[in-house]
file run-v8.cif (mmCIF, C-alpha atoms)
data_final
#
loop_
_atom_site.label_atom_id
_atom_site.label_comp_id
_atom_site.auth_asym_id
_atom_site.auth_seq_id
_atom_site.Cartn_x
_atom_site.Cartn_y
_atom_site.Cartn_z
CA MET N 1 0.00 0.00 0.00
CA GLU N 2 1.43 3.38 -1.00
CA SER N 3 0.56 6.94 -0.14
CA SER N 4 -2.56 8.27 -1.84
CA TYR N 5 -0.67 11.46 -2.72
CA SER N 6 2.65 11.70 -4.53
CA PRO N 7 4.56 14.78 -5.75
CA PHE N 8 6.10 12.58 -8.43
CA SER N 9 4.91 10.73 -11.53
CA LYS N 10 6.83 7.56 -10.65
CA ALA N 11 7.35 5.16 -7.75
CA THR N 12 9.70 6.18 -4.95
CA LYS N 13 12.17 3.39 -5.71
CA SER N 14 12.52 4.69 -9.28
CA LEU N 15 13.19 8.35 -8.38
CA GLU N 16 16.20 10.12 -9.84
CA SER N 17 17.83 13.36 -8.74
CA SER N 18 16.17 15.41 -11.49
CA ASP N 19 12.72 14.31 -10.24
CA LEU N 20 13.29 16.28 -7.02
CA GLU N 21 13.00 19.55 -8.92
CA ALA N 22 9.23 19.16 -8.61
CA LEU N 23 9.57 19.88 -4.87
CA LYS N 24 10.28 23.54 -5.62
CA ASP N 25 6.51 23.89 -6.08
CA ILE N 26 5.46 21.58 -3.21
CA SER N 27 4.66 23.10 0.19
CA GLU N 28 5.34 21.38 3.48
CA GLY N 29 2.14 20.33 5.27
CA TRP N 30 -0.27 17.40 5.15
CA TYR N 31 1.81 15.15 2.89
CA VAL N 32 5.35 16.53 2.88
CA GLU N 33 7.98 17.38 5.47
CA TYR N 34 11.48 18.74 4.77
CA LYS N 35 14.48 18.30 7.04
CA SER N 36 17.76 19.94 6.10
CA GLN N 37 19.84 17.59 8.28
CA PRO N 38 19.45 14.23 10.10
CA THR N 39 17.71 14.28 13.47
CA LYS N 40 17.40 11.86 16.38
CA PRO N 41 15.38 8.63 15.96
CA VAL N 42 12.86 9.80 18.56
CA ASP N 43 12.14 12.91 16.46
CA ILE N 44 12.08 11.02 13.16
CA ALA N 45 9.48 8.69 14.70
CA LYS N 46 7.13 11.63 15.28
CA SER N 47 7.15 12.39 11.56
CA LEU N 48 6.75 8.75 10.49
CA ALA N 49 3.89 8.16 12.93
CA SER N 50 2.08 11.35 11.93
CA PHE N 51 2.04 10.27 8.27
CA ALA N 52 1.06 6.66 9.11
CA ASN N 53 -1.78 7.86 11.34
CA GLN N 54 -3.32 9.96 8.58
CA TYR N 55 -3.00 9.98 4.82
CA GLY N 56 0.59 8.89 4.31
CA GLY N 57 3.29 11.21 3.01
CA TYR N 58 6.93 11.92 2.29
CA LEU N 59 9.83 12.88 4.53
CA PHE N 60 12.88 14.40 2.81
CA PHE N 61 16.32 14.68 4.43
CA GLY N 62 18.77 17.15 2.95
CA VAL N 63 16.14 19.57 1.68
CA LYS N 64 15.82 23.07 3.11
CA GLN N 65 12.43 24.75 2.97
CA SER N 66 11.87 28.36 1.95
CA GLY N 67 11.57 30.98 4.64
CA ASP N 68 8.37 32.48 3.26
CA ASP N 69 4.77 31.40 3.80
CA LEU N 70 4.94 28.94 0.88
CA ARG N 71 7.36 26.58 2.71
CA THR N 72 8.43 24.94 -0.57
CA ALA N 73 11.81 23.30 -1.20
CA ALA N 74 14.31 26.16 -1.46
CA SER N 75 17.63 24.31 -1.74
CA PHE N 76 18.98 20.77 -1.98
CA GLU N 77 22.13 20.88 0.09
CA GLY N 78 21.82 17.19 0.86
CA VAL N 79 23.24 15.02 3.61
CA SER N 80 26.91 14.09 3.53
CA THR N 81 27.34 10.67 1.94
CA ALA N 82 29.46 9.70 4.95
CA GLU N 83 26.37 10.14 7.15
CA ILE N 84 23.92 8.16 5.00
CA GLY N 85 24.45 4.82 6.75
CA THR N 86 23.92 6.37 10.18
CA LEU N 87 20.80 8.18 8.98
CA LEU N 88 19.27 4.99 7.55
CA ASP N 89 19.93 3.24 10.87
CA ARG N 90 18.18 6.09 12.70
CA ILE N 91 15.15 5.79 10.42
CA ARG N 92 14.96 2.05 11.08
CA ASP N 93 15.25 2.65 14.82
CA ALA N 94 12.54 5.30 14.63
CA SER N 95 10.19 2.85 12.91
CA SER N 96 10.87 -0.19 15.10
CA GLN N 97 11.97 1.19 18.48
CA HIS N 98 9.99 4.41 18.82
CA SER N 99 6.60 3.39 17.41
CA ASN N 100 4.05 0.78 18.35
CA PRO N 101 3.19 -0.91 16.06
CA GLU N 102 6.19 -0.71 13.76
CA ILE N 103 5.78 1.68 10.81
CA ASN N 104 6.10 0.54 7.22
CA TYR N 105 8.06 2.85 4.90
CA ILE N 106 9.92 2.92 1.59
CA GLU N 107 13.32 4.62 1.38
CA ARG N 108 15.33 5.94 -1.52
CA VAL N 109 18.84 7.45 -1.40
CA ILE N 110 19.46 9.87 -4.30
CA ARG N 111 23.11 10.72 -4.64
CA GLY N 112 24.68 13.76 -6.30
CA PRO N 113 25.89 15.40 -8.33
CA CYS N 114 22.84 16.96 -9.93
CA LYS N 115 23.31 20.43 -11.43
CA ALA N 116 19.56 20.94 -11.95
CA ILE N 117 18.88 21.05 -8.19
CA GLY N 118 22.34 22.07 -6.98
CA LEU N 119 23.13 18.76 -5.26
CA GLY N 120 26.88 18.30 -4.77
CA PRO N 121 28.93 15.17 -5.60
CA GLU N 122 29.48 14.22 -1.95
CA SER N 123 25.86 14.74 -0.91
CA ALA N 124 22.61 12.83 -1.13
CA ILE N 125 18.89 13.33 -0.54
CA VAL N 126 17.11 10.64 1.46
CA VAL N 127 13.47 10.15 0.55
CA VAL N 128 11.19 8.29 2.97
CA GLU N 129 7.68 7.42 1.75
CA VAL N 130 5.25 6.44 4.52
CA PRO N 131 1.96 4.78 3.51
CA SER N 132 -1.22 5.45 5.42
CA GLY N 133 -0.96 2.77 8.09
CA LEU N 134 -3.25 -0.26 8.30
CA GLN N 135 -2.90 -0.68 12.07
CA PRO N 136 -3.46 2.78 13.59
CA PRO N 137 -3.02 4.41 15.95
CA TYR N 138 0.78 4.37 15.75
CA VAL N 139 1.82 5.40 19.23
CA HIS N 140 5.12 7.22 19.75
CA SER N 141 7.54 5.98 22.42
CA SER N 142 6.61 9.08 24.43
CA GLY N 143 3.07 7.69 24.72
CA ARG N 144 1.66 10.34 22.41
CA ILE N 145 -0.21 9.91 19.14
CA TYR N 146 0.96 12.29 16.42
CA ARG N 147 -0.79 13.53 13.31
CA ARG N 148 -0.19 16.01 10.52
CA VAL N 149 -1.64 19.53 10.56
CA GLY N 150 -1.95 21.20 7.18
CA ASP N 151 -0.45 24.58 8.02
CA ALA N 152 2.29 23.31 10.37
CA SER N 153 5.78 22.11 9.52
CA SER N 154 6.03 19.65 12.41
CA PRO N 155 3.63 16.90 13.57
CA LYS N 156 1.33 17.62 16.51
CA HIS N 157 0.23 15.20 19.21
CA GLU N 158 -3.48 14.45 19.18
CA THR N 159 -5.79 14.88 22.16
CA ASP N 160 -9.17 15.05 20.42
CA ARG N 161 -11.12 11.94 21.45
CA PHE N 162 -13.19 11.89 18.25
CA LEU N 163 -10.12 11.85 16.03
CA LEU N 164 -8.50 9.14 18.16
CA ASP N 165 -11.64 7.02 17.86
CA THR N 166 -11.46 7.46 14.08
CA LEU N 167 -8.00 5.90 14.07
CA TRP N 168 -9.26 2.85 15.98
CA LYS N 169 -12.15 2.49 13.54
CA ARG N 170 -9.67 2.42 10.65
CA ARG N 171 -7.97 -0.56 12.29
CA ASP N 172 -11.38 -2.22 12.74
CA ARG N 173 -12.06 -1.83 9.01
CA LEU N 174 -9.05 -4.05 8.26
CA THR N 175 -10.46 -6.73 10.57
CA GLN N 176 -13.83 -6.54 8.83
CA ARG N 177 -12.17 -6.88 5.40
CA GLN N 178 -10.30 -9.94 6.63
CA LYS N 179 -13.51 -11.50 7.95
CA ARG N 180 -15.22 -10.99 4.58
CA PHE N 181 -12.22 -12.46 2.76
CA ILE N 182 -12.34 -15.57 4.97
CA SER N 183 -16.09 -16.02 4.71
CA GLU N 184 -16.33 -15.55 0.94
CA ARG N 185 -13.65 -18.16 0.27
CA ASN N 186 -14.55 -20.76 2.85
CA PRO N 187 -15.71 -23.95 1.06
CA VAL N 188 -17.86 -24.78 4.07
CA ASN N 189 -20.15 -21.93 3.06
CA ARG N 190 -20.63 -23.39 -0.41
CA SER N 191 -22.00 -26.70 -1.66
CA GLN N 192 -18.98 -28.39 -3.23
CA GLY N 193 -19.60 -32.11 -3.14
CA ILE N 194 -16.57 -32.77 -0.91
CA SER N 195 -17.36 -33.17 2.77
CA ALA N 196 -14.06 -32.61 4.64
CA TRP N 197 -11.87 -29.53 4.21
CA LEU N 198 -9.05 -27.47 5.55
CA HIS N 199 -9.53 -23.79 4.76
CA LEU N 200 -6.23 -22.03 5.45
CA TYR N 201 -5.85 -18.27 5.11
CA LEU N 202 -2.78 -16.09 5.47
CA PHE N 203 -2.32 -12.32 5.69
CA PRO N 204 1.04 -10.54 5.32
CA ASP N 205 2.23 -8.37 8.18
CA PRO N 206 0.31 -5.10 7.58
CA ASN N 207 3.27 -3.14 8.92
CA GLY N 208 5.85 -4.87 6.72
CA ARG N 209 7.22 -3.88 3.33
CA SER N 210 5.47 -5.36 0.32
CA GLY N 211 7.34 -6.92 -2.61
CA ASP N 212 9.41 -5.05 -5.14
CA ARG N 213 7.00 -5.79 -7.96
CA ARG N 214 3.45 -6.88 -8.61
CA ILE N 215 2.68 -10.60 -8.83
CA SER N 216 2.11 -11.82 -12.40
CA ILE N 217 0.39 -14.91 -13.78
CA GLU N 218 3.84 -16.16 -14.83
CA ASP N 219 4.94 -15.99 -11.16
CA ILE N 220 1.88 -18.01 -10.11
CA ALA N 221 2.49 -20.60 -12.84
CA ASP N 222 6.17 -20.92 -11.93
CA ALA N 223 5.37 -21.48 -8.25
CA PHE N 224 2.22 -23.60 -8.48
CA GLN N 225 2.21 -25.21 -11.91
CA LYS N 226 5.62 -25.47 -13.61
CA GLY N 227 7.74 -26.05 -10.52
CA SER N 228 11.21 -24.60 -10.01
CA MET N 229 14.22 -26.47 -8.66
CA SER N 230 13.11 -25.56 -5.13
CA THR N 231 9.49 -26.69 -5.56
CA LYS N 232 9.50 -29.74 -7.85
CA SER N 233 9.78 -32.28 -5.03
CA TYR N 234 7.83 -30.22 -2.52
CA SER N 235 4.77 -29.10 -4.40
CA VAL N 236 1.08 -29.60 -4.93
CA PRO N 237 0.86 -29.75 -8.75
CA MET N 238 -1.90 -27.52 -10.11
CA ASP N 239 -3.69 -28.11 -13.40
CA ALA N 240 -4.67 -24.51 -14.10
CA VAL N 241 -3.82 -20.96 -13.12
CA TYR N 242 -5.99 -17.98 -14.01
CA SER N 243 -6.85 -14.45 -12.93
CA SER N 244 -9.53 -14.01 -10.30
CA GLY N 245 -10.77 -10.72 -8.92
CA LEU N 246 -7.87 -8.99 -7.17
CA GLY N 247 -5.31 -11.67 -7.96
CA PHE N 248 -4.95 -15.21 -9.27
CA CYS N 249 -6.18 -18.75 -8.63
CA ALA N 250 -4.31 -22.02 -9.00
CA ARG N 251 -6.52 -25.10 -9.09
CA GLN N 252 -6.03 -28.84 -8.96
CA ALA N 253 -8.80 -30.16 -11.17
CA GLY N 254 -7.92 -33.67 -12.34
CA SER N 255 -11.08 -35.59 -13.11
CA THR N 256 -13.18 -33.46 -10.77
CA GLU N 257 -16.21 -31.76 -12.28
CA ALA N 258 -15.59 -28.08 -12.98
CA ARG N 259 -18.46 -27.04 -10.70
CA ILE N 260 -16.91 -28.89 -7.73
CA LEU N 261 -14.09 -27.08 -5.99
CA GLY N 262 -10.88 -29.09 -5.78
CA LEU N 263 -7.66 -28.14 -4.05
CA THR N 264 -7.37 -24.42 -4.70
CA ALA N 265 -4.94 -21.62 -3.97
CA GLU N 266 -5.95 -17.98 -4.29
CA ILE N 267 -3.25 -15.31 -4.08
CA ARG N 268 -4.15 -11.64 -4.22
CA TYR N 269 -1.94 -8.77 -5.33
CA ASP N 270 -1.87 -7.46 -1.76
CA GLY N 271 -0.42 -10.75 -0.51
CA TRP N 272 -3.63 -12.18 1.03
CA VAL N 273 -3.78 -15.94 0.48
CA SER N 274 -6.47 -18.60 0.74
CA PHE N 275 -5.81 -22.36 0.47
CA CYS N 276 -8.75 -24.79 0.29
CA VAL N 277 -7.47 -28.34 0.80
CA PRO N 278 -9.74 -31.42 0.72
CA ILE N 279 -9.16 -33.91 3.55
CA ASN N 280 -9.20 -37.60 2.63
CA VAL N 281 -11.70 -39.37 4.91
CA LEU N 282 -11.83 -43.08 4.17
CA PRO N 283 -11.53 -46.55 5.76
CA ALA N 284 -8.11 -47.23 7.27
CA ASN N 285 -7.40 -50.10 4.88
CA ARG N 286 -7.58 -47.63 1.96
CA LEU N 287 -4.86 -45.35 3.30
CA SER N 288 -1.51 -45.22 1.49
CA ASN N 289 0.45 -48.46 1.76
CA GLU N 290 3.62 -46.36 1.99
CA TYR N 291 2.76 -45.37 5.57
CA ASP N 292 5.16 -47.18 7.88
CA SER N 293 2.81 -47.24 10.86
CA LEU N 294 -0.37 -48.14 9.00
CA ALA N 295 -0.47 -51.85 9.82
CA GLU N 296 0.04 -51.18 13.51
CA PHE N 297 -2.60 -48.43 13.41
CA ILE N 298 -5.14 -50.79 11.80
CA GLU N 299 -4.44 -53.35 14.51
CA ILE N 300 -5.10 -50.71 17.18
CA LEU N 301 -8.42 -49.89 15.47
CA ARG N 302 -9.37 -53.59 15.38
CA SER N 303 -8.47 -54.24 19.01
CA SER N 304 -10.42 -51.15 20.08
CA ASN N 305 -13.45 -52.21 18.00
CA HIS N 306 -13.11 -49.04 15.85
CA GLN N 307 -12.28 -50.73 12.57
CA ASP N 308 -15.45 -49.37 10.93
CA VAL N 309 -14.91 -45.75 11.98
CA PRO N 310 -13.73 -43.51 9.08
CA VAL N 311 -10.21 -42.11 9.28
CA ALA N 312 -8.95 -38.63 8.35
CA ASP N 313 -5.59 -38.85 6.59
CA LEU N 314 -3.77 -35.95 8.28
CA SER N 315 -0.37 -37.11 7.04
CA SER N 316 -1.43 -36.41 3.47
CA LEU N 317 -3.00 -33.13 4.61
CA SER N 318 0.20 -32.11 6.40
CA VAL N 319 2.30 -32.85 3.32
CA SER N 320 -0.05 -30.70 1.26
CA VAL N 321 0.20 -27.79 3.71
CA ILE N 322 4.01 -27.97 3.79
CA ALA N 323 4.16 -28.18 0.00
CA LEU N 324 1.74 -25.28 -0.52
CA LEU N 325 3.71 -23.08 1.87
CA ASN N 326 6.92 -24.06 0.06
CA GLN N 327 5.36 -22.89 -3.20
CA LEU N 328 4.16 -19.70 -1.52
CA LEU N 329 7.71 -19.09 -0.27
CA HIS N 330 8.98 -19.49 -3.83
CA LEU N 331 6.45 -16.90 -4.98
CA LYS N 332 7.35 -14.49 -2.19
CA ASP N 333 11.05 -14.90 -3.00
CA ALA N 334 10.37 -14.12 -6.66
CA VAL N 335 8.69 -10.79 -5.90
CA GLN N 336 11.00 -10.00 -2.95
CA ASP N 337 8.12 -9.99 -0.45
CA HIS N 338 9.80 -10.84 2.85
CA ARG N 339 6.91 -10.00 5.13
CA ASP N 340 5.98 -12.35 7.95
CA LEU N 341 2.56 -13.99 7.69
CA TYR N 342 -0.40 -14.23 10.06
CA ALA N 343 -2.51 -17.34 9.61
CA GLY N 344 -5.77 -18.90 10.67
CA PHE N 345 -7.78 -21.91 9.55
CA GLU N 346 -10.98 -23.91 9.73
CA VAL N 347 -11.14 -27.70 9.65
CA SER N 348 -14.58 -29.02 8.77
CA GLY N 349 -16.32 -32.31 8.07
CA ILE N 350 -14.38 -34.61 10.45
CA GLN N 351 -17.07 -35.09 13.08
CA GLY N 352 -17.09 -38.73 14.22
CA VAL N 353 -13.77 -39.34 12.43
CA ILE N 354 -10.47 -40.69 13.83
CA PRO N 355 -7.38 -38.69 12.80
CA TYR N 356 -4.31 -40.51 11.49
CA VAL N 357 -0.69 -39.33 11.34
CA ASP N 358 2.08 -41.64 10.14
CA SER N 359 4.20 -41.02 13.21
CA SER N 360 5.57 -43.30 15.92
CA SER N 361 4.82 -40.63 18.55
CA TYR N 362 1.14 -40.69 17.49
CA LEU N 363 0.97 -44.48 17.88
CA THR N 364 2.61 -44.25 21.30
CA ARG N 365 0.02 -41.70 22.40
CA ILE N 366 -3.07 -43.59 21.22
CA LYS N 367 -1.78 -46.82 22.80
CA ARG N 368 -1.55 -45.02 26.13
CA PHE N 369 -4.55 -42.65 26.01
CA GLY N 370 -6.88 -44.26 23.47
CA LEU N 371 -8.16 -43.22 20.05
CA PRO N 372 -9.26 -39.60 19.53
CA VAL N 373 -12.61 -39.08 17.81
CA SER N 374 -13.68 -35.58 16.87
CA HIS N 375 -17.15 -34.58 18.06
CA ILE N 376 -17.04 -31.05 16.66
CA GLU N 377 -18.19 -30.28 13.12
CA ASN N 378 -16.00 -27.23 12.52
CA HIS N 379 -12.70 -26.42 14.25
CA ARG N 380 -11.79 -22.75 13.89
CA PHE N 381 -8.64 -20.85 14.78
CA PRO N 382 -8.90 -18.17 15.93
CA ALA N 383 -12.34 -18.53 17.43
CA GLY N 384 -12.83 -14.73 17.47
CA ASP N 385 -11.98 -11.93 15.08
CA PRO N 386 -8.82 -12.41 12.97
CA ASN N 387 -6.13 -9.84 13.73
CA ILE N 388 -2.45 -9.66 14.65
CA GLU N 389 -3.27 -10.44 18.29
CA THR N 390 -5.32 -13.59 17.53
CA LEU N 391 -3.82 -15.12 14.37
CA VAL N 392 -0.74 -17.35 14.55
CA GLU N 393 2.43 -15.60 13.39
CA LEU N 394 4.58 -17.39 10.81
CA GLU N 395 8.05 -15.88 10.57
CA TYR N 396 9.42 -15.58 7.04
CA PRO N 397 12.50 -17.85 6.87
CA PRO N 398 15.53 -16.26 5.17
CA TYR N 399 16.09 -17.34 1.59
CA ASP N 400 18.69 -20.06 1.07
CA ASP N 401 20.26 -20.05 -2.39
CA SER N 402 21.17 -23.74 -2.07
CA ASN N 403 19.72 -26.29 -4.51
CA ASP N 404 19.61 -28.89 -1.73
CA LEU N 405 16.00 -30.11 -1.86
CA HIS N 406 16.02 -31.32 1.74
CA ARG N 407 16.98 -27.82 2.89
CA ALA N 408 14.21 -26.39 0.72
CA GLY N 409 11.74 -28.70 2.46
CA ALA N 410 13.14 -27.81 5.86
CA ARG N 411 12.64 -24.12 5.09
CA SER N 412 8.95 -24.66 4.32
CA LEU N 413 8.58 -26.75 7.48
CA ILE N 414 9.99 -23.86 9.54
CA LEU N 415 7.18 -21.72 8.17
CA ALA N 416 4.52 -24.44 8.47
CA GLY N 417 5.53 -25.87 11.86
CA PRO N 418 3.55 -23.59 14.23
CA LEU N 419 0.51 -23.86 11.98
CA LEU N 420 0.63 -27.65 11.67
CA ASN N 421 0.96 -27.99 15.42
CA LEU N 422 -2.33 -26.14 15.82
CA ILE N 423 -4.14 -27.99 13.03
CA LEU N 424 -3.12 -31.40 14.38
CA ALA N 425 -3.88 -30.35 17.95
CA VAL N 426 -7.47 -29.23 17.27
CA THR N 427 -8.18 -32.51 15.47
CA GLY N 428 -6.80 -34.57 18.36
CA ALA N 429 -3.80 -35.93 16.44
CA THR N 430 -1.26 -34.36 18.80
CA ALA N 431 -1.20 -33.19 22.38
CA GLY N 432 -0.61 -29.63 21.19
CA VAL N 433 2.97 -29.44 22.40
CA ASP N 434 4.73 -31.88 20.09
CA ASP N 435 7.51 -30.82 17.75
CA ILE N 436 6.84 -31.75 14.14
CA GLN N 437 9.81 -33.36 12.41
CA LEU N 438 10.42 -33.32 8.68
CA GLU N 439 10.87 -37.10 8.55
CA ASP N 440 7.37 -37.60 10.01
CA PHE N 441 5.88 -36.55 6.67
CA ARG N 442 8.44 -38.03 4.25
CA LEU N 443 8.09 -35.26 1.71
CA ASN N 444 10.38 -37.09 -0.68
CA ARG N 445 8.17 -40.18 -0.69
CA HIS N 446 4.51 -39.26 -0.48
CA SER N 447 2.72 -37.53 -3.32
CA SER N 448 0.87 -34.34 -2.47
CA LYS N 449 -1.71 -34.84 -5.16
CA ASP N 450 -5.11 -35.79 -3.81
#
call {"tool": "encode", "arguments": {"input": "run-v8.cif", "output": "structure tokens"}}
result
Amino acid sequence: MESSYSPFSKATKSLESSDLEALKDISEGWYVEYKSQPTKPVDIAKSLASFANQYGGYLFFGVKQSGDDLRTAASFEGVSTAEIGTLLDRIRDASSQHSNPEINYIERVIRGPCKAIGLGPESAIVVVEVPSGLQPPYVHSSGRIYRRVGDASSPKHETDRFLLDTLWKRRDRLTQRQKRFISERNPVNRSQGISAWLHLYLFPDPNGRSGDRRISIEDIADAFQKGSMSTKSYSVPMDAVYSSGLGFCARQAGSTEARILGLTAEIRYDGWVSFCVPINVLPANRLSNEYDSLAEFIEILRSSNHQDVPVADLSSLSVSVIALLNQLLHLKDAVQDHRDLYAGFEVSGIQGVIPYVDSSSYLTRIKRFGLPVSHIENHRFPAGDPNIETLVELEYPPYDDSNDLHRAGARSLILAGPLLNLILAVTGATAGVDDIQLEDFRLNRHSSKD
């Protein structure tokens, strides 16, 4: 999300020194603030928060404003290039250490010389674009909430209760949008002909930086259909990719009728993601014969007189989740979107069903405590409104340039681990505190295609 106003005809990351000449006609105020020299992080945070709390805007370092009532850019003396590193550190500290929540921004260092604006060869202008924040109010480390005032050069702290309430309502609007996104894509709300589902949804950190470029259909195809070196062995192969609303869909059709929803991934331009994954519910003797613990599991069912109870194959489901998140990581890497993710899910259609995981620790548990049988139709997490406080946080794992496929799988498991723990816990397959190991799901052996 970028500022609604821009003094330029191009994106901040594409600005050149000659573009700054436009500032000679731009007054300081609602959307623009000029600083001739670097300031302390605590002061920079006031400016960042004031823009994030209102309409977004631009902060320029190395630009001196005119002394008249117009307050336009009068000169471009710049900041010494030797000070640029320190200034960028101060901006980062201002965003992360002196604001709650952290403030998203885009920076651009424009180095001289530029004769058109009088910028010297050892000087630079630092441009900081601050979008209108999605999680207001952004509270300064002093405990104050700052906003912009049109006829003032510096941000002012807000005391008006009505305006403060407006900021909270803006945050609530994001929650309402997320709820609509979840509801409209949940297969439980639609007649699809498949009874058991995992609906998994993920939102990027609203205070993080979005990717360097917009997602294209080629990106979706490369991640979910063609398969790169990092996704070929850890992927859910999709039959079709196509545009859909505010983004793209990837669908696993196979022999399924077109009107029946199969395994589907929807990825929006803003980074919101929805995965709808069918859960295989079938008799135990029809589970994959590659499962090492299957024979022992069937014997436990027989001895407990549960041999006729349907079984939910959560090993296959877990492999699918890990593979889908691996493909999502590949997509995020391609567009340089390194934001953390916040996730929630709903598991439906496993009432009266026994969960199965091909894991020795699962067998040990059911031998000691008995077989779990779900008596709830729909398991939801979170139970209340989805937001940063209630969703599970998935930390973006740093990109590894290695072609080692095991390491690629391990990277996706790092992302999936906290989520899988919750999914398996609500279905009774784990005690909720177990560590999930890569070898439990044998990504190199089991197919992810349902």
call {"tool": "resolve_selection", "arguments": {"input": "run-v8.cif", "expression": "the PyMOL selection byres ((chain N and resi 315) around 9)", "output": "list in words"}}
result
Tyr291, Ala312, Asp313, Leu314, Ser316, Leu317, Ser318, Val319, Ser320, Tyr356, Val357, Asp358, Ser359, Asp440 and Phe441 of chain N
call {"tool": "atom_distance", "arguments": {"input": "run-v8.cif", "atom1": "atom CA of N:Arg108", "atom2": "atom CA of N:Leu15"}}
result
7.6 Å
call {"tool": "closest_residue", "arguments": {"input": "run-v8.cif", "among": "N:Arg411, N:Arg368, N:Arg380, N:Arg92", "to": "N:Ile182", "atoms": "only C-alpha atoms"}}
result
N:Arg380
call {"tool": "atom_distance", "arguments": {"input": "run-v8.cif", "atom1": "atom CA of N:Leu263", "atom2": "atom CA of N:Thr175"}}
result
26.1 Å
call {"tool": "resolve_selection", "arguments": {"input": "run-v8.cif", "expression": "the PyMOL selection byres ((chain N and resi 363) around 12)", "output": "mmCIF file with C-alpha atoms, in the frame of the given file"}}
result
data_model
loop_
_atom_site.group_PDB
_atom_site.id
_atom_site.type_symbol
_atom_site.label_atom_id
_atom_site.label_comp_id
_atom_site.auth_asym_id
_atom_site.auth_seq_id
_atom_site.Cartn_x
_atom_site.Cartn_y
_atom_site.Cartn_z
ATOM 1 C CA ASP N 292 5.160 -47.180 7.880
ATOM 2 C CA SER N 293 2.810 -47.240 10.860
ATOM 3 C CA LEU N 294 -0.370 -48.140 9.000
ATOM 4 C CA ALA N 295 -0.470 -51.850 9.820
ATOM 5 C CA GLU N 296 0.040 -51.180 13.510
ATOM 6 C CA PHE N 297 -2.600 -48.430 13.410
ATOM 7 C CA ILE N 298 -5.140 -50.790 11.800
ATOM 8 C CA GLU N 299 -4.440 -53.350 14.510
ATOM 9 C CA ILE N 300 -5.100 -50.710 17.180
ATOM 10 C CA LEU N 301 -8.420 -49.890 15.470
ATOM 11 C CA PRO N 355 -7.380 -38.690 12.800
ATOM 12 C CA TYR N 356 -4.310 -40.510 11.490
ATOM 13 C CA VAL N 357 -0.690 -39.330 11.340
ATOM 14 C CA ASP N 358 2.080 -41.640 10.140
ATOM 15 C CA SER N 359 4.200 -41.020 13.210
ATOM 16 C CA SER N 360 5.570 -43.300 15.920
ATOM 17 C CA SER N 361 4.820 -40.630 18.550
ATOM 18 C CA TYR N 362 1.140 -40.690 17.490
ATOM 19 C CA THR N 364 2.610 -44.250 21.300
ATOM 20 C CA ARG N 365 0.020 -41.700 22.400
ATOM 21 C CA ILE N 366 -3.070 -43.590 21.220
ATOM 22 C CA LYS N 367 -1.780 -46.820 22.800
ATOM 23 C CA ARG N 368 -1.550 -45.020 26.130
ATOM 24 C CA PHE N 369 -4.550 -42.650 26.010
ATOM 25 C CA GLY N 370 -6.880 -44.260 23.470
ATOM 26 C CA LEU N 371 -8.160 -43.220 20.050
ATOM 27 C CA PRO N 372 -9.260 -39.600 19.530
ATOM 28 C CA ALA N 429 -3.800 -35.930 16.440
ATOM 29 C CA THR N 430 -1.260 -34.360 18.800
#
call {"tool": "residues_around", "arguments": {"input": "run-v8.cif", "residues": "stretch 51-54 of chain N", "least_positions_apart": "3", "cutoff": "8 Å", "atoms": "only C-alpha atoms", "output": "list in words"}}
result
Tyr31, Ser47, Leu48, Gly57, Tyr58, Ile103, Val130, Pro131, Ser132, Gly133, Pro136, Pro137, Tyr138, Tyr146, Arg147, Arg148 and Leu167 of chain N
call {"tool": "atom_distance", "arguments": {"input": "run-v8.cif", "atom1": "atom CA of N:Arg302", "atom2": "atom CA of N:Asn285"}}
result
11.2 Å
call {"tool": "resolve_selection", "arguments": {"input": "run-v8.cif", "expression": "the PyMOL selection byres ((chain N and resi 44) around 12)", "output": "short mmCIF file (atom, residue, chain, number, x, y, z; two decimals) with C-alpha atoms, in the coordinates of the input"}}
result
data_model
loop_
_atom_site.label_atom_id
_atom_site.label_comp_id
_atom_site.auth_asym_id
_atom_site.auth_seq_id
_atom_site.Cartn_x
_atom_site.Cartn_y
_atom_site.Cartn_z
CA GLU N 33 7.98 17.38 5.47
CA TYR N 34 11.48 18.74 4.77
CA LYS N 35 14.48 18.30 7.04
CA GLN N 37 19.84 17.59 8.28
CA PRO N 38 19.45 14.23 10.10
CA THR N 39 17.71 14.28 13.47
CA LYS N 40 17.40 11.86 16.38
CA PRO N 41 15.38 8.63 15.96
CA VAL N 42 12.86 9.80 18.56
CA ASP N 43 12.14 12.91 16.46
CA ALA N 45 9.48 8.69 14.70
CA LYS N 46 7.13 11.63 15.28
CA SER N 47 7.15 12.39 11.56
CA LEU N 48 6.75 8.75 10.49
CA ALA N 49 3.89 8.16 12.93
CA SER N 50 2.08 11.35 11.93
CA PHE N 51 2.04 10.27 8.27
CA LEU N 59 9.83 12.88 4.53
CA PHE N 60 12.88 14.40 2.81
CA PHE N 61 16.32 14.68 4.43
CA LEU N 87 20.80 8.18 8.98
CA LEU N 88 19.27 4.99 7.55
CA ASP N 89 19.93 3.24 10.87
CA ARG N 90 18.18 6.09 12.70
CA ILE N 91 15.15 5.79 10.42
CA ARG N 92 14.96 2.05 11.08
CA ASP N 93 15.25 2.65 14.82
CA ALA N 94 12.54 5.30 14.63
CA SER N 95 10.19 2.85 12.91
CA SER N 96 10.87 -0.19 15.10
CA GLN N 97 11.97 1.19 18.48
CA HIS N 98 9.99 4.41 18.82
CA SER N 99 6.60 3.39 17.41
CA ILE N 103 5.78 1.68 10.81
CA VAL N 128 11.19 8.29 2.97
CA VAL N 130 5.25 6.44 4.52
CA HIS N 140 5.12 7.22 19.75
CA SER N 141 7.54 5.98 22.42
CA TYR N 146 0.96 12.29 16.42
CA SER N 154 6.03 19.65 12.41
CA PRO N 155 3.63 16.90 13.57
#
